[in-house]
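*Asks:* Sending over a structure as structure tokens; questions will come in a sec.
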Amino acid sequence: MKKLLIANRGEIAVRIIRTARQMGIATVVVVSEPDKDSLAARSADEAVLIGPAPATASYLNHEAVIAAALESGADAVHPGYGFLSENAAFARKVIDAGLSWVGPSPEAIEMMGNKSRAREAARDAGVPVLRGTDGPLREEDDALAIARDIGFPLAVKASAGGGGRGIRFVDTEEELLAAIEMARGEAGSVFGDPTVYMERFVPHARHVEVQVLADGEVFVHLGDRDCSMQRRSQKVIEEAPAPGLPEAVRERIRSSSVELARRCGYRGAGTVEFLYDPAAHEAAFIEMNTRLQVEHPITEAITGVDLVREQLRVAAGEGLSVTQEDITFTGHAIEVRLNAEDPSNNFFPSPGTISALQWPEGKGIRVDTGVDAGSVVAPFYDSMLAKLIVRAESRGEAIASMLAALKQVQIDGIKTTIPLHQALLARPEFAAVEHHSKFIETTPGLLEAL
Amino acid sequence: MSDVISPIPGVFYRCPGPGKDPFVQVGDTVAAGQTVGIVEIMKQFTEVQSDVAGVVASFAVEDAGMVNPGDVIVTITEA
């Protein structure tokens, strides 16, 4: 691999460029019209303009991205996260164009993209799954009998859905049949596939996940993360390792995630997501993300392994540089996502020009940013500007260190979610690991005080 | 005539999603409070509604066009 094209923008493009440069690989980043002078464009060796602002005409345009790769002489494509990163058709086109795809096979992406097939694969690999229909709910099935067996409340989910979309919650038997009917209709019109399945619903669940790495021959995990602080199913604060997990649960989700990767002949970085029921001490499979994760830096912070470096090695056919025995865990890491949103106005997006910018510095602090002073935050894309990551000896010290770091951040010209992070990190429920994925929406007074 | 104004910056869409029918067409009758389009800003969608009942006279912004706060999106002939 001599030259890498990055089919993404913002902080993740900058972060991938950093590792590629360390490995002596030249970098090309594709940019849309408003991103021509972005930090990513200025950080890469080359920037190629591929289209206007709307992502469908630029960052999601398969042909434009591949043409940019071929014309710039790149020999590999890294999709980052979001955009085309879990698009099997795009991965296939990259490979057919004679380029290396930094990610798992299109077949693996496709299988994990189908929620009922992914659930079956997980179950077969010994990954704990929620009680539910094994596979899709068929027209001829006795839905009510199956639902009684699963228990209420339950969720009816679109097989082609994911990321919190295409889900209906059912509290009672009376609501069931109408809910299935509506879910099928919605799934058909939104995802083009009316297939749905049913699953137990766990209120007050935490979100935990396992990072895996593989090269098709060696399969390892890099421990777990907790991403339970979420707002509207979007992660807000992440930490590694996941606190307060019984060792047996931790061991089971780690080893079964590796087994799932092994059975798929997985190559590259992947994340197996679980919900964890703290009352029952049970973890259950949600989905597998077949790409680099936003929160990967907290795993890097406690393992010392550069995940992008491993991804690039695997794509270049060099294999992983680590085995399971090499991977050790030191300390505790926390990440917060800094979004251009106004917490005092229901998180309304806050585009604009960043007039002044100051990042914290110090031991154990890492900043992954897509913006610098003078950057224009355009209204077209995701609102995440940057991520702040800290590592310390213990969880308590990491929380204190993050609060101190947040105090040092200065971002003028736009509103950010920093006040939300400060409020959450100071909560006794967070310190005691009593929070869950609906904590932000269900805690009275929390958002009103911002 | 009554103008429907975009309250926010973003991208204006005439349809609720790709491949879907437009919310309204020129010549359609609309009720007060009816949605005539959506404006997307950073993946958040805000519905834009007509304040008055009437008939859609014209669109000032094309589908997927940029809008700024205060821009006219649609003009309604009041009933």
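We label chains A, B, ... in the order they appear in the structure tokens, count residues from 1 in each chain, and number ligands from 1 in the order shown.
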In segment 124-353 of chain A, what's helix (DSSP H, G or I) per DSSP? Answer as a PyMOL selection string?
*Replies:* chain A and resi 124+143-150+173-191+247-263+296-303+307-315+324-326+343-345
*Asks:* Each residue of chain B with at least one atom at most 9 Å from chain A should appear once, together with its nearest atom pair and the corresponding distance in Å (one decimal); atoms considered: only C-alpha atoms; ordering: chain, then increasing residue number; output as JSON lines.
*Replies:*
```
{"residue": "B:Pro9", "atom": "CA", "partner": "A:Pro379", "partner_atom": "CA", "distance": 7.0}
{"residue": "B:Gly10", "atom": "CA", "partner": "A:Pro379", "partner_atom": "CA", "distance": 5.7}
{"residue": "B:Val11", "atom": "CA", "partner": "A:Phe380", "partner_atom": "CA", "distance": 7.4}
{"residue": "B:Gly17", "atom": "CA", "partner": "A:Val190", "partner_atom": "CA", "distance": 8.7}
{"residue": "B:Glu40", "atom": "CA", "partner": "A:Phe380", "partner_atom": "CA", "distance": 7.7}
{"residue": "B:Ile41", "atom": "CA", "partner": "A:Pro379", "partner_atom": "CA", "distance": 5.1}
{"residue": "B:Met42", "atom": "CA", "partner": "A:Tyr381", "partner_atom": "CA", "distance": 4.7}
{"residue": "B:Lys43", "atom": "CA", "partner": "A:Asp382", "partner_atom": "CA", "distance": 6.1}
{"residue": "B:Gln44", "atom": "CA", "partner": "A:Pro349", "partner_atom": "CA", "distance": 7.7}
{"residue": "B:Ala64", "atom": "CA", "partner": "A:Pro54", "partner_atom": "CA", "distance": 7.9}
```
*Asks:* Write a file of the selected residues as a PDB file, in the first residue's frame, keeping N, CA and C atoms.
*Replies:*
```pdb
ATOM      1  N   PRO B   9     -31.205  27.669   8.668  1.00  0.00           N
ATOM      2  CA  PRO B   9     -30.398  27.364   7.483  1.00  0.00           C
ATOM      3  C   PRO B   9     -30.421  25.860   7.222  1.00  0.00           C
ATOM      4  N   GLY B  10     -30.224  25.455   5.987  1.00  0.00           N
ATOM      5  CA  GLY B  10     -30.164  24.030   5.706  1.00  0.00           C
ATOM      6  C   GLY B  10     -30.501  23.727   4.265  1.00  0.00           C
ATOM      7  N   VAL B  11     -30.927  22.490   4.044  1.00  0.00           N
ATOM      8  CA  VAL B  11     -31.278  22.033   2.702  1.00  0.00           C
ATOM      9  C   VAL B  11     -32.772  21.742   2.671  1.00  0.00           C
ATOM     10  N   GLY B  17     -38.919  11.746   1.756  1.00  0.00           N
ATOM     11  CA  GLY B  17     -37.769  10.852   1.623  1.00  0.00           C
ATOM     12  C   GLY B  17     -37.520  10.568   0.160  1.00  0.00           C
ATOM     13  N   GLU B  40     -33.444  20.211   6.196  1.00  0.00           N
ATOM     14  CA  GLU B  40     -32.483  19.376   6.920  1.00  0.00           C
ATOM     15  C   GLU B  40     -31.281  20.205   7.322  1.00  0.00           C
ATOM     16  N   ILE B  41     -30.948  20.085   8.597  1.00  0.00           N
ATOM     17  CA  ILE B  41     -29.709  20.694   9.062  1.00  0.00           C
ATOM     18  C   ILE B  41     -29.003  19.679   9.936  1.00  0.00           C
ATOM     19  N   MET B  42     -27.806  19.303   9.564  1.00  0.00           N
ATOM     20  CA  MET B  42     -26.992  18.329  10.303  1.00  0.00           C
ATOM     21  C   MET B  42     -27.802  17.087  10.673  1.00  0.00           C
ATOM     22  N   LYS B  43     -28.459  16.517   9.673  1.00  0.00           N
ATOM     23  CA  LYS B  43     -29.215  15.266   9.839  1.00  0.00           C
ATOM     24  C   LYS B  43     -30.477  15.426  10.686  1.00  0.00           C
ATOM     25  N   GLN B  44     -30.807  16.663  11.106  1.00  0.00           N
ATOM     26  CA  GLN B  44     -32.074  16.869  11.812  1.00  0.00           C
ATOM     27  C   GLN B  44     -33.056  17.500  10.838  1.00  0.00           C
ATOM     28  N   ALA B  64     -33.899  20.086  -2.755  1.00  0.00           N
ATOM     29  CA  ALA B  64     -32.494  19.924  -2.363  1.00  0.00           C
ATOM     30  C   ALA B  64     -31.694  21.221  -2.509  1.00  0.00           C
TER      31      ALA B  64
END
```
*Asks:* State, in Å with one decimal place, the distance from atom CA of Glu181 of chain A to atom CA of Ala158 of chain A.
*Replies:*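 Going from atom CA of Glu181 of chain A over to atom CA of Ala158 of chain A, I get 11.6 Å.
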*Asks:* When DSSP is applied to the backbone of this structure, which of segment 2-62 of chain B are assigned strand (DSSP E or B)? Write them out as an NGL selection string.
*Replies:* :B and (2-5 or 10-13 or 29-30 or 35-41 or 44-49 or 54-59)
*Asks:* Selected residues, N, CA and C atoms, written as a PDB file, in the first residue's frame, please.
*Replies:*
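Output file result_36.pdb follows:
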```pdb
ATOM      1  N   SER B   2     -49.304  34.682   0.802  1.00  0.00           N
ATOM      2  CA  SER B   2     -48.606  34.498   2.065  1.00  0.00           C
ATOM      3  C   SER B   2     -47.340  33.686   1.790  1.00  0.00           C
ATOM      4  N   ASP B   3     -46.206  34.153   2.302  1.00  0.00           N
ATOM      5  CA  ASP B   3     -44.949  33.446   2.083  1.00  0.00           C
ATOM      6  C   ASP B   3     -44.661  32.496   3.241  1.00  0.00           C
ATOM      7  N   VAL B   4     -44.217  31.290   2.897  1.00  0.00           N
ATOM      8  CA  VAL B   4     -43.719  30.375   3.918  1.00  0.00           C
ATOM      9  C   VAL B   4     -42.208  30.574   3.970  1.00  0.00           C
ATOM     10  N   ILE B   5     -41.718  30.931   5.167  1.00  0.00           N
ATOM     11  CA  ILE B   5     -40.315  31.314   5.351  1.00  0.00           C
ATOM     12  C   ILE B   5     -39.556  30.187   6.048  1.00  0.00           C
ATOM     13  N   GLY B  10     -30.224  25.455   5.987  1.00  0.00           N
ATOM     14  CA  GLY B  10     -30.164  24.030   5.706  1.00  0.00           C
ATOM     15  C   GLY B  10     -30.501  23.727   4.265  1.00  0.00           C
ATOM     16  N   VAL B  11     -30.927  22.490   4.044  1.00  0.00           N
ATOM     17  CA  VAL B  11     -31.278  22.033   2.702  1.00  0.00           C
ATOM     18  C   VAL B  11     -32.772  21.742   2.671  1.00  0.00           C
ATOM     19  N   PHE B  12     -33.459  22.333   1.696  1.00  0.00           N
ATOM     20  CA  PHE B  12     -34.912  22.171   1.600  1.00  0.00           C
ATOM     21  C   PHE B  12     -35.260  20.950   0.751  1.00  0.00           C
ATOM     22  N   TYR B  13     -36.181  20.151   1.245  1.00  0.00           N
ATOM     23  CA  TYR B  13     -36.664  18.999   0.475  1.00  0.00           C
ATOM     24  C   TYR B  13     -38.173  19.080   0.313  1.00  0.00           C
ATOM     25  N   THR B  29     -54.418  22.474  -2.806  1.00  0.00           N
ATOM     26  CA  THR B  29     -55.038  23.216  -1.712  1.00  0.00           C
ATOM     27  C   THR B  29     -54.374  22.789  -0.406  1.00  0.00           C
ATOM     28  N   VAL B  30     -54.007  23.751   0.426  1.00  0.00           N
ATOM     29  CA  VAL B  30     -53.404  23.407   1.719  1.00  0.00           C
ATOM     30  C   VAL B  30     -54.215  24.021   2.855  1.00  0.00           C
ATOM     31  N   THR B  35     -47.945  20.676   6.415  1.00  0.00           N
ATOM     32  CA  THR B  35     -46.524  20.633   6.059  1.00  0.00           C
ATOM     33  C   THR B  35     -46.362  20.757   4.543  1.00  0.00           C
ATOM     34  N   VAL B  36     -45.478  21.667   4.126  1.00  0.00           N
ATOM     35  CA  VAL B  36     -45.241  21.854   2.683  1.00  0.00           C
ATOM     36  C   VAL B  36     -43.838  21.410   2.281  1.00  0.00           C
ATOM     37  N   GLY B  37     -42.994  21.064   3.242  1.00  0.00           N
ATOM     38  CA  GLY B  37     -41.642  20.611   2.938  1.00  0.00           C
ATOM     39  C   GLY B  37     -40.861  20.437   4.223  1.00  0.00           C
ATOM     40  N   ILE B  38     -39.591  19.995   4.078  1.00  0.00           N
ATOM     41  CA  ILE B  38     -38.742  19.868   5.264  1.00  0.00           C
ATOM     42  C   ILE B  38     -37.398  20.527   4.985  1.00  0.00           C
ATOM     43  N   VAL B  39     -36.784  21.038   6.066  1.00  0.00           N
ATOM     44  CA  VAL B  39     -35.433  21.574   5.952  1.00  0.00           C
ATOM     45  C   VAL B  39     -34.523  20.714   6.821  1.00  0.00           C
ATOM     46  N   GLU B  40     -33.444  20.211   6.196  1.00  0.00           N
ATOM     47  CA  GLU B  40     -32.483  19.376   6.920  1.00  0.00           C
ATOM     48  C   GLU B  40     -31.281  20.205   7.322  1.00  0.00           C
ATOM     49  N   ILE B  41     -30.948  20.085   8.597  1.00  0.00           N
ATOM     50  CA  ILE B  41     -29.709  20.694   9.062  1.00  0.00           C
ATOM     51  C   ILE B  41     -29.003  19.679   9.936  1.00  0.00           C
ATOM     52  N   GLN B  44     -30.807  16.663  11.106  1.00  0.00           N
ATOM     53  CA  GLN B  44     -32.074  16.869  11.812  1.00  0.00           C
ATOM     54  C   GLN B  44     -33.056  17.500  10.838  1.00  0.00           C
ATOM     55  N   PHE B  45     -34.276  17.001  10.875  1.00  0.00           N
ATOM     56  CA  PHE B  45     -35.270  17.449   9.914  1.00  0.00           C
ATOM     57  C   PHE B  45     -36.324  18.305  10.602  1.00  0.00           C
ATOM     58  N   THR B  46     -36.599  19.476  10.034  1.00  0.00           N
ATOM     59  CA  THR B  46     -37.619  20.366  10.576  1.00  0.00           C
ATOM     60  C   THR B  46     -38.704  20.539   9.517  1.00  0.00           C
ATOM     61  N   GLU B  47     -39.929  20.247   9.893  1.00  0.00           N
ATOM     62  CA  GLU B  47     -41.034  20.429   8.943  1.00  0.00           C
ATOM     63  C   GLU B  47     -41.341  21.914   8.791  1.00  0.00           C
ATOM     64  N   VAL B  48     -41.658  22.295   7.572  1.00  0.00           N
ATOM     65  CA  VAL B  48     -42.034  23.679   7.299  1.00  0.00           C
ATOM     66  C   VAL B  48     -43.520  23.682   6.963  1.00  0.00           C
ATOM     67  N   GLN B  49     -44.270  24.533   7.676  1.00  0.00           N
ATOM     68  CA  GLN B  49     -45.720  24.516   7.527  1.00  0.00           C
ATOM     69  C   GLN B  49     -46.259  25.852   7.038  1.00  0.00           C
ATOM     70  N   GLY B  54     -55.033  27.867   1.772  1.00  0.00           N
ATOM     71  CA  GLY B  54     -55.019  28.462   0.441  1.00  0.00           C
ATOM     72  C   GLY B  54     -54.543  27.476  -0.610  1.00  0.00           C
ATOM     73  N   VAL B  55     -53.987  28.032  -1.687  1.00  0.00           N
ATOM     74  CA  VAL B  55     -53.524  27.220  -2.809  1.00  0.00           C
ATOM     75  C   VAL B  55     -52.041  27.512  -3.036  1.00  0.00           C
ATOM     76  N   VAL B  56     -51.250  26.454  -3.271  1.00  0.00           N
ATOM     77  CA  VAL B  56     -49.814  26.618  -3.504  1.00  0.00           C
ATOM     78  C   VAL B  56     -49.612  27.342  -4.835  1.00  0.00           C
ATOM     79  N   ALA B  57     -49.023  28.546  -4.782  1.00  0.00           N
ATOM     80  CA  ALA B  57     -48.829  29.345  -5.995  1.00  0.00           C
ATOM     81  C   ALA B  57     -47.480  29.039  -6.642  1.00  0.00           C
ATOM     82  N   SER B  58     -46.425  28.971  -5.820  1.00  0.00           N
ATOM     83  CA  SER B  58     -45.097  28.730  -6.409  1.00  0.00           C
ATOM     84  C   SER B  58     -44.091  28.322  -5.340  1.00  0.00           C
ATOM     85  N   PHE B  59     -43.039  27.659  -5.808  1.00  0.00           N
ATOM     86  CA  PHE B  59     -41.890  27.348  -4.948  1.00  0.00           C
ATOM     87  C   PHE B  59     -40.757  28.302  -5.296  1.00  0.00           C
TER      88      PHE B  59
END
```
*Asks:* When you count only C-alpha atoms, which of these residues is closest to Phe201 of chain A: A:Gly445, A:Pro153, A:Pro278, A:Gly73?
*Replies:*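 So, comparing all the options, the nearest one is A:Pro153.
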